[in-house]
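Trainee: Contents of final_27.csv (CSV, N, CA and C atoms and all ligand atoms):
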```csv
chain,number,residue,atom,x,y,z
Q,1,ALA,N,45.1,-18.7,-9.9
Q,1,ALA,CA,46.4,-18.1,-10.1
Q,1,ALA,C,47.4,-18.4,-9.0
Q,2,ALA,N,48.6,-18.5,-9.2
Q,2,ALA,CA,49.6,-18.8,-8.2
Q,2,ALA,C,49.7,-17.7,-7.2
Q,3,GLY,N,49.8,-18.0,-5.9
Q,3,GLY,CA,49.9,-16.9,-5.0
Q,3,GLY,C,51.4,-16.4,-4.8
Q,4,ASP,N,51.5,-15.4,-4.0
Q,4,ASP,CA,52.8,-14.7,-3.7
Q,4,ASP,C,53.2,-15.3,-2.4
Q,5,ALA,N,54.2,-16.2,-2.4
Q,5,ALA,CA,54.6,-16.9,-1.1
Q,5,ALA,C,55.3,-15.9,-0.2
Q,6,ALA,N,55.9,-14.9,-0.7
Q,6,ALA,CA,56.6,-13.9,0.2
Q,6,ALA,C,55.5,-13.1,1.0
Q,7,HIS,N,54.5,-12.7,0.3
Q,7,HIS,CA,53.4,-12.1,1.1
Q,7,HIS,C,52.7,-13.1,2.0
Q,8,GLY,N,52.6,-14.3,1.5
Q,8,GLY,CA,51.9,-15.4,2.3
Q,8,GLY,C,52.6,-15.6,3.6
Q,9,LYS,N,53.9,-15.5,3.6
Q,9,LYS,CA,54.7,-15.6,4.9
Q,9,LYS,C,54.2,-14.5,5.9
Q,10,MET,N,53.9,-13.4,5.4
Q,10,MET,CA,53.4,-12.3,6.3
Q,10,MET,C,52.0,-12.6,6.8
Q,11,VAL,N,51.2,-13.2,5.9
Q,11,VAL,CA,49.9,-13.6,6.3
Q,11,VAL,C,50.0,-14.6,7.4
Q,12,PHE,N,51.0,-15.5,7.3
Q,12,PHE,CA,51.1,-16.6,8.3
Q,12,PHE,C,51.3,-16.1,9.7
Q,13,ALA,N,51.7,-14.8,9.8
Q,13,ALA,CA,51.7,-14.2,11.2
Q,13,ALA,C,50.4,-14.4,12.0
Q,14,ARG,N,49.3,-14.5,11.2
Q,14,ARG,CA,48.0,-14.7,11.9
Q,14,ARG,C,47.8,-16.1,12.4
Q,15,CYS,N,48.6,-17.0,11.9
Q,15,CYS,CA,48.5,-18.4,12.3
Q,15,CYS,C,49.6,-18.8,13.3
Q,16,ALA,N,50.7,-18.0,13.4
Q,16,ALA,CA,51.9,-18.4,14.1
Q,16,ALA,C,51.7,-18.4,15.6
Q,17,ALA,N,50.6,-17.8,16.1
Q,17,ALA,CA,50.4,-18.0,17.6
Q,17,ALA,C,50.1,-19.4,17.9
Q,18,CYS,N,49.5,-20.2,16.9
Q,18,CYS,CA,49.0,-21.5,17.2
Q,18,CYS,C,49.7,-22.6,16.3
Q,19,HIS,N,50.4,-22.2,15.3
Q,19,HIS,CA,51.0,-23.2,14.4
Q,19,HIS,C,52.5,-22.9,14.1
Q,20,SER,N,53.3,-23.9,14.1
Q,20,SER,CA,54.7,-23.8,13.6
Q,20,SER,C,54.9,-24.4,12.3
Q,21,MET,N,55.8,-24.0,11.5
Q,21,MET,CA,56.2,-24.6,10.2
Q,21,MET,C,57.4,-25.6,10.5
Q,22,THR,N,57.8,-25.7,11.7
Q,22,THR,CA,58.9,-26.7,12.0
Q,22,THR,C,58.2,-28.1,12.2
Q,23,PRO,N,58.8,-29.1,11.4
Q,23,PRO,CA,58.2,-30.4,11.5
Q,23,PRO,C,58.1,-30.9,13.0
Q,24,GLY,N,57.0,-31.4,13.4
Q,24,GLY,CA,56.9,-32.0,14.7
Q,24,GLY,C,56.7,-31.0,15.8
Q,25,LYS,N,56.8,-29.7,15.6
Q,25,LYS,CA,56.6,-28.7,16.7
Q,25,LYS,C,55.2,-28.4,16.9
Q,26,LYS,N,54.6,-29.0,18.0
Q,26,LYS,CA,53.2,-28.9,18.3
Q,26,LYS,C,53.1,-27.6,19.1
Q,27,MET,N,52.0,-26.8,18.8
Q,27,MET,CA,51.7,-25.7,19.7
Q,27,MET,C,50.2,-25.9,20.1
Q,28,VAL,N,49.4,-24.8,20.1
Q,28,VAL,CA,48.0,-25.0,20.3
Q,28,VAL,C,47.4,-25.9,19.1
Q,29,GLY,N,48.0,-25.6,17.9
Q,29,GLY,CA,47.6,-26.4,16.8
Q,29,GLY,C,48.8,-27.3,16.3
Q,30,PRO,N,48.6,-28.2,15.4
Q,30,PRO,CA,49.6,-29.1,14.9
Q,30,PRO,C,50.6,-28.3,14.0
Q,31,SER,N,51.8,-28.8,13.9
Q,31,SER,CA,52.8,-28.3,12.9
Q,31,SER,C,52.1,-28.3,11.5
Q,32,LEU,N,52.4,-27.3,10.7
Q,32,LEU,CA,51.9,-27.2,9.4
Q,32,LEU,C,53.0,-27.5,8.3
Q,33,ALA,N,54.1,-28.0,8.8
Q,33,ALA,CA,55.1,-28.4,7.8
Q,33,ALA,C,54.6,-29.5,6.9
Q,34,GLY,N,54.7,-29.3,5.6
Q,34,GLY,CA,54.3,-30.4,4.7
Q,34,GLY,C,52.8,-30.6,4.6
Q,35,ILE,N,52.0,-29.6,5.0
Q,35,ILE,CA,50.5,-29.8,5.2
Q,35,ILE,C,49.8,-30.0,3.8
Q,36,ILE,N,50.3,-29.2,2.8
Q,36,ILE,CA,49.6,-29.3,1.5
Q,36,ILE,C,49.8,-30.7,0.9
Q,37,GLY,N,48.7,-31.4,0.6
Q,37,GLY,CA,48.7,-32.7,0.1
Q,37,GLY,C,48.6,-33.8,1.1
Q,38,ARG,N,48.7,-33.5,2.4
Q,38,ARG,CA,48.6,-34.5,3.4
Q,38,ARG,C,47.1,-34.7,3.8
Q,39,LYS,N,46.8,-35.9,4.3
Q,39,LYS,CA,45.5,-36.1,4.8
Q,39,LYS,C,45.2,-35.3,6.1
Q,40,ALA,N,44.1,-34.7,6.2
Q,40,ALA,CA,43.7,-33.9,7.4
Q,40,ALA,C,43.7,-34.8,8.6
Q,41,GLY,N,44.2,-34.2,9.7
Q,41,GLY,CA,44.1,-34.8,11.0
Q,41,GLY,C,45.0,-36.0,11.2
Q,42,THR,N,46.2,-35.9,10.6
Q,42,THR,CA,47.1,-37.1,10.7
Q,42,THR,C,48.5,-36.7,11.2
Q,43,VAL,N,48.7,-35.6,11.8
Q,43,VAL,CA,50.0,-35.3,12.4
Q,43,VAL,C,50.1,-36.2,13.7
Q,44,GLU,N,51.1,-37.0,13.7
Q,44,GLU,CA,51.3,-38.0,14.8
Q,44,GLU,C,51.5,-37.2,16.1
Q,45,GLY,N,50.9,-37.6,17.2
Q,45,GLY,CA,51.1,-37.0,18.5
Q,45,GLY,C,50.2,-35.8,18.7
Q,46,PHE,N,49.4,-35.4,17.8
Q,46,PHE,CA,48.5,-34.2,18.0
Q,46,PHE,C,47.1,-34.8,18.2
Q,47,THR,N,46.4,-34.3,19.2
Q,47,THR,CA,45.0,-34.7,19.5
Q,47,THR,C,44.0,-33.8,18.8
Q,48,TYR,N,43.4,-34.3,17.8
Q,48,TYR,CA,42.5,-33.5,17.0
Q,48,TYR,C,41.1,-33.7,17.5
Q,49,SER,N,40.2,-32.8,17.1
Q,49,SER,CA,38.8,-32.9,17.3
Q,49,SER,C,38.2,-34.1,16.6
Q,50,PRO,N,37.2,-34.7,17.0
Q,50,PRO,CA,36.5,-35.8,16.3
Q,50,PRO,C,36.1,-35.3,14.8
Q,51,ALA,N,35.7,-34.0,14.7
Q,51,ALA,CA,35.3,-33.5,13.4
Q,51,ALA,C,36.5,-33.4,12.5
Q,52,MET,N,37.7,-33.0,12.9
Q,52,MET,CA,38.8,-33.0,12.0
Q,52,MET,C,39.3,-34.4,11.6
Q,53,LYS,N,39.2,-35.3,12.6
Q,53,LYS,CA,39.6,-36.7,12.3
Q,53,LYS,C,38.6,-37.3,11.3
Q,54,ALA,N,37.3,-36.9,11.3
Q,54,ALA,CA,36.3,-37.5,10.4
Q,54,ALA,C,36.3,-36.8,9.1
Q,55,TYR,N,37.0,-35.7,8.9
Q,55,TYR,CA,36.9,-34.9,7.7
Q,55,TYR,C,37.3,-35.8,6.5
Q,56,GLY,N,38.5,-36.5,6.6
Q,56,GLY,CA,38.8,-37.5,5.6
Q,56,GLY,C,39.4,-37.1,4.3
Q,57,ARG,N,39.6,-35.8,4.1
Q,57,ARG,CA,40.1,-35.3,2.8
Q,57,ARG,C,41.6,-34.9,2.9
Q,58,ASN,N,42.3,-34.9,1.8
Q,58,ASN,CA,43.6,-34.4,1.7
Q,58,ASN,C,43.5,-32.9,1.6
Q,59,TRP,N,44.5,-32.2,2.2
Q,59,TRP,CA,44.6,-30.8,2.1
Q,59,TRP,C,45.2,-30.3,0.7
Q,60,ASP,N,44.3,-30.4,-0.3
Q,60,ASP,CA,44.7,-29.9,-1.6
Q,60,ASP,C,44.3,-28.4,-1.5
Q,61,VAL,N,44.6,-27.7,-2.6
Q,61,VAL,CA,44.4,-26.2,-2.6
Q,61,VAL,C,43.0,-25.8,-2.4
Q,62,LYS,N,42.1,-26.6,-3.0
Q,62,LYS,CA,40.6,-26.3,-2.9
Q,62,LYS,C,40.1,-26.5,-1.4
Q,63,ALA,N,40.5,-27.6,-0.8
Q,63,ALA,CA,40.1,-27.9,0.6
Q,63,ALA,C,40.7,-26.8,1.5
Q,64,MET,N,41.9,-26.5,1.3
Q,64,MET,CA,42.6,-25.5,2.2
Q,64,MET,C,42.0,-24.2,2.0
Q,65,ASP,N,41.7,-23.8,0.8
Q,65,ASP,CA,41.1,-22.5,0.6
Q,65,ASP,C,39.7,-22.4,1.3
Q,66,ALA,N,38.9,-23.4,1.2
Q,66,ALA,CA,37.6,-23.4,1.9
Q,66,ALA,C,37.7,-23.3,3.4
Q,67,PHE,N,38.7,-24.1,3.9
Q,67,PHE,CA,38.9,-24.2,5.4
Q,67,PHE,C,39.4,-22.8,5.9
Q,68,LEU,N,40.3,-22.2,5.2
Q,68,LEU,CA,40.9,-20.9,5.7
Q,68,LEU,C,39.9,-19.8,5.5
Q,69,ALA,N,38.9,-19.9,4.6
Q,69,ALA,CA,37.9,-18.8,4.4
Q,69,ALA,C,37.0,-18.8,5.6
Q,70,SER,N,36.6,-20.0,6.1
Q,70,SER,CA,35.7,-20.1,7.2
Q,70,SER,C,35.9,-21.5,7.9
Q,71,PRO,N,36.8,-21.7,8.8
Q,71,PRO,CA,37.1,-23.0,9.4
Q,71,PRO,C,35.8,-23.7,9.9
Q,72,LYS,N,35.0,-23.0,10.6
Q,72,LYS,CA,33.8,-23.7,11.2
Q,72,LYS,C,32.7,-24.0,10.2
Q,73,THR,N,32.7,-23.3,9.1
Q,73,THR,CA,31.8,-23.7,8.0
Q,73,THR,C,32.3,-24.9,7.2
Q,74,ALA,N,33.6,-24.9,7.0
Q,74,ALA,CA,34.2,-26.1,6.2
Q,74,ALA,C,34.1,-27.4,7.0
Q,75,ILE,N,34.5,-27.2,8.3
Q,75,ILE,CA,34.5,-28.4,9.2
Q,75,ILE,C,33.8,-28.0,10.5
Q,76,PRO,N,32.5,-28.2,10.5
Q,76,PRO,CA,31.7,-27.9,11.7
Q,76,PRO,C,32.2,-28.8,12.9
Q,77,GLY,N,32.5,-28.2,14.0
Q,77,GLY,CA,33.0,-28.9,15.2
Q,77,GLY,C,34.5,-28.8,15.3
Q,78,THR,N,35.2,-28.2,14.3
Q,78,THR,CA,36.6,-28.1,14.5
Q,78,THR,C,37.0,-27.3,15.8
Q,79,ARG,N,38.1,-27.6,16.4
Q,79,ARG,CA,38.6,-26.9,17.5
Q,79,ARG,C,39.5,-25.7,17.2
Q,80,MET,N,39.7,-25.5,15.9
Q,80,MET,CA,40.4,-24.3,15.5
Q,80,MET,C,39.6,-23.1,15.6
Q,81,ILE,N,39.9,-22.3,16.6
Q,81,ILE,CA,39.1,-21.1,16.9
Q,81,ILE,C,39.7,-19.9,16.1
Q,82,PHE,N,39.3,-19.7,14.9
Q,82,PHE,CA,39.9,-18.7,14.0
Q,82,PHE,C,38.8,-18.3,13.1
Q,83,ALA,N,38.6,-17.0,13.0
Q,83,ALA,CA,37.4,-16.5,12.2
Q,83,ALA,C,37.5,-16.8,10.7
Q,84,GLY,N,38.8,-16.9,10.3
Q,84,GLY,CA,38.9,-17.1,8.8
Q,84,GLY,C,39.5,-15.9,8.1
Q,85,LEU,N,40.0,-16.1,6.9
Q,85,LEU,CA,40.6,-15.1,6.1
Q,85,LEU,C,39.6,-14.7,5.0
Q,86,PRO,N,38.9,-13.6,5.1
Q,86,PRO,CA,37.9,-13.3,4.1
Q,86,PRO,C,38.5,-12.9,2.7
Q,87,ASN,N,39.8,-12.5,2.7
Q,87,ASN,CA,40.4,-12.0,1.5
Q,87,ASN,C,41.0,-13.2,0.7
Q,88,ALA,N,40.4,-13.4,-0.5
Q,88,ALA,CA,40.9,-14.6,-1.4
Q,88,ALA,C,42.3,-14.5,-1.8
Q,89,ALA,N,42.8,-13.3,-2.0
Q,89,ALA,CA,44.2,-13.1,-2.4
Q,89,ALA,C,45.1,-13.4,-1.2
Q,90,ASP,N,44.7,-13.0,0.0
Q,90,ASP,CA,45.5,-13.4,1.2
Q,90,ASP,C,45.6,-15.0,1.3
Q,91,ARG,N,44.4,-15.6,1.1
Q,91,ARG,CA,44.4,-17.1,1.2
Q,91,ARG,C,45.3,-17.7,0.1
Q,92,ALA,N,45.2,-17.2,-1.1
Q,92,ALA,CA,46.1,-17.8,-2.2
Q,92,ALA,C,47.6,-17.6,-1.9
Q,93,ASP,N,47.9,-16.4,-1.3
Q,93,ASP,CA,49.3,-16.2,-1.0
Q,93,ASP,C,49.8,-17.1,0.2
Q,94,LEU,N,48.9,-17.2,1.1
Q,94,LEU,CA,49.2,-18.1,2.3
Q,94,LEU,C,49.4,-19.5,1.8
Q,95,ILE,N,48.5,-20.0,0.9
Q,95,ILE,CA,48.6,-21.4,0.4
Q,95,ILE,C,49.9,-21.5,-0.4
Q,96,ALA,N,50.3,-20.5,-1.1
Q,96,ALA,CA,51.6,-20.6,-1.8
Q,96,ALA,C,52.8,-20.7,-0.8
Q,97,TYR,N,52.7,-20.0,0.3
Q,97,TYR,CA,53.7,-20.1,1.3
Q,97,TYR,C,53.7,-21.5,1.9
Q,98,LEU,N,52.5,-22.0,2.3
Q,98,LEU,CA,52.4,-23.3,2.9
Q,98,LEU,C,52.9,-24.4,1.9
Q,99,SER,N,52.7,-24.2,0.6
Q,99,SER,CA,53.2,-25.2,-0.4
Q,99,SER,C,54.7,-25.1,-0.6
Q,100,ALA,N,55.2,-24.0,-0.5
Q,100,ALA,CA,56.7,-23.8,-0.8
Q,100,ALA,C,57.6,-24.1,0.3
Q,101,ALA,N,57.1,-24.0,1.5
Q,101,ALA,CA,58.0,-24.1,2.7
Q,101,ALA,C,58.6,-25.5,2.7
Q,102,PRO,N,59.8,-25.6,3.2
Q,102,PRO,CA,60.5,-26.9,3.3
Q,102,PRO,C,59.6,-27.9,4.1
Q,103,LYS,N,59.6,-29.1,3.7
Q,103,LYS,CA,58.8,-30.1,4.4
Q,103,LYS,C,59.4,-30.5,5.7
Z,201,LIG,C1,44.1,-27.2,12.7
Z,201,LIG,C2,45.8,-24.0,9.4
Z,201,LIG,C3,45.2,-20.4,12.5
Z,201,LIG,C4,44.5,-23.6,16.0
Z,201,LIG,C5,44.6,-26.6,11.5
Z,201,LIG,C6,44.7,-27.3,10.2
Z,201,LIG,C7,45.2,-26.5,9.3
Z,201,LIG,C8,45.3,-25.2,10.0
Z,201,LIG,C9,45.5,-26.7,7.9
Z,201,LIG,C10,44.5,-28.8,10.0
Z,201,LIG,C11,45.8,-29.5,10.4
Z,201,LIG,C12,45.9,-31.0,10.0
Z,201,LIG,O1,45.0,-31.5,9.3
Z,201,LIG,O2,46.9,-31.6,10.4
Z,201,LIG,C13,45.8,-22.8,9.9
Z,201,LIG,C14,46.2,-21.6,9.2
Z,201,LIG,C15,45.9,-20.5,10.1
Z,201,LIG,C16,45.5,-21.1,11.4
Z,201,LIG,C17,46.8,-21.5,7.8
Z,201,LIG,C18,46.0,-19.0,9.8
Z,201,LIG,C19,45.4,-18.5,8.7
Z,201,LIG,C20,45.0,-20.9,13.8
Z,201,LIG,C21,44.9,-20.2,15.0
Z,201,LIG,C22,44.7,-21.1,16.0
Z,201,LIG,C23,44.6,-22.4,15.4
Z,201,LIG,C24,45.0,-18.7,15.1
Z,201,LIG,C25,44.5,-20.9,17.5
Z,201,LIG,C26,43.8,-19.9,18.0
Z,201,LIG,C27,44.3,-24.9,15.4
Z,201,LIG,C28,43.9,-26.1,16.1
Z,201,LIG,C29,43.8,-27.1,15.1
Z,201,LIG,C30,44.1,-26.5,13.9
Z,201,LIG,C31,43.6,-26.2,17.6
Z,201,LIG,C32,43.2,-28.5,15.3
Z,201,LIG,C33,41.7,-28.4,15.0
Z,201,LIG,C34,40.9,-29.6,15.2
Z,201,LIG,O3,41.4,-30.7,15.6
Z,201,LIG,O4,39.7,-29.5,15.0
Z,201,LIG,N1,44.9,-25.3,11.3
Z,201,LIG,N2,45.4,-22.4,11.2
Z,201,LIG,N3,44.8,-22.3,14.0
Z,201,LIG,N4,44.4,-25.2,14.1
Z,201,LIG,FE1,44.9,-23.8,12.6
```
Would you mind writing the file's structure down as structure tokens?
Mentor:
Amino acid sequence: AAGDAAHGKMVFARCAACHSMTPGKKMVGPSLAGIIGRKAGTVEGFTYSPAMKAYGRNWDVKAMDAFLASPKTAIPGTRMIFAGLPNAADRADLIAYLSAAPK
């Protein structure tokens, strides 16, 4: 089911310490502008872990859902230190927000 992007924007508060939605704005993590559909580990100028660079997948909804549920399970060795979002509705809403935001 499609998520609620307005609620997803609130969920994004848990990401905003480390990620911006502004294109090119690097923080502890890479900018997430335009992330849905992009190949993992490819924001220019950001130094990723070897694990993220080797992942090799596009961030489709399925891959993003698995990563956000448990980053270190989906990509062992990732440098993203975040426990994950256990609530599936929160993940769906957040993914709707990430998909809808201006590239
Ligand atoms: C990487 C999403 C929370 C730090 C990533 C990537 C995504 C993502 C999709 C891969 C980016 C790419 O392929 O270009 C999120 C979301 C979060 C969240 C949606 C909230 C639910 C956090 C937090 C931190 C963080 C709280 C810091 C404590 C990082 C770092 C990377 C990363 C350092 C690079 C990981 C690596 O190279 O292995 N994040 N993130 N993220 N994130 Fe997050």
Trainee: Just the number, please: distance in Å from atom N of Ile75 in chain Q to CA of Ala100 in chain Q, one decimal.
Mentor: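 Going from atom N of Ile75 in chain Q over to CA of Ala100 in chain Q covers 24.2 Å.
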Trainee: Got a sec to check which residues lie within 5 Å of ligand LIG 201 (chain Z), using all atoms listed in the file, and send them as a PyMOL selection string?
Mentor: chain Q and resi 14-15+18+28-30+39-43+48-49+52+78-81
Trainee: For Ala88 in chain Q, which residue among Q:Ala69, Q:Ala74, Q:Ala5, Q:Ile36 is the nearest when counting only N, CA and C atoms?
Mentor: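 Smallest distance to Ala88 in chain Q is found for Q:Ala69.
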Trainee: How far is it from atom N of Ile95 in chain Q to CA of Phe67 in chain Q, in Å with one decimal?
Mentor: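 Atom N of Ile95 in chain Q sits 11.4 Å away from CA of Phe67 in chain Q.
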Trainee: Rank nothing, just name the residue among Q:Gly24, Q:Asp90, Q:Asp4, Q:Lys72 nearest to Phe46 in chain Q, using only C-alpha atoms.
Mentor: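 Closest to Phe46 in chain Q, using only C-alpha atoms: Q:Gly24.
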Trainee: Run DSSP on the backbone and give me the residues of chain Q it puts in alpha helix (DSSP H), as an MDAnalysis selection string.
Mentor: chainID Q and resid 5:11 50:55 61:69 71:74 88:100
Trainee: Which of these residues is nearest to Gly84 in chain Q, using only C-alpha atoms: Q:Glu44, Q:Ser99, Q:Val11, Q:Arg38?
Mentor: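 Distance minimum relative to Gly84 in chain Q lands on Q:Val11.
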Trainee: May I ask for the distance between CA of Pro50 in chain Q and CA of Ala96 in chain Q, given in Å to one decimal place?
Mentor: 28.0 Å
Trainee: Neighbours of Gly8 in chain Q within 6 Å (only C-alpha atoms; same-chain residues fewer than 2 positions away dropped), as a list in words?
Mentor: Ala5, Ala6, Met10, Val11, Asp93, Leu94 and Tyr97 of chain Q
Trainee: Could you name the residues that touch Ser31 in chain Q at 8 Å or less, counting only C-alpha atoms, but leaving out those on the same chain fewer than 6 positions away, as an MDAnalysis selection string?
Mentor: chainID Q and resid 19:25 43
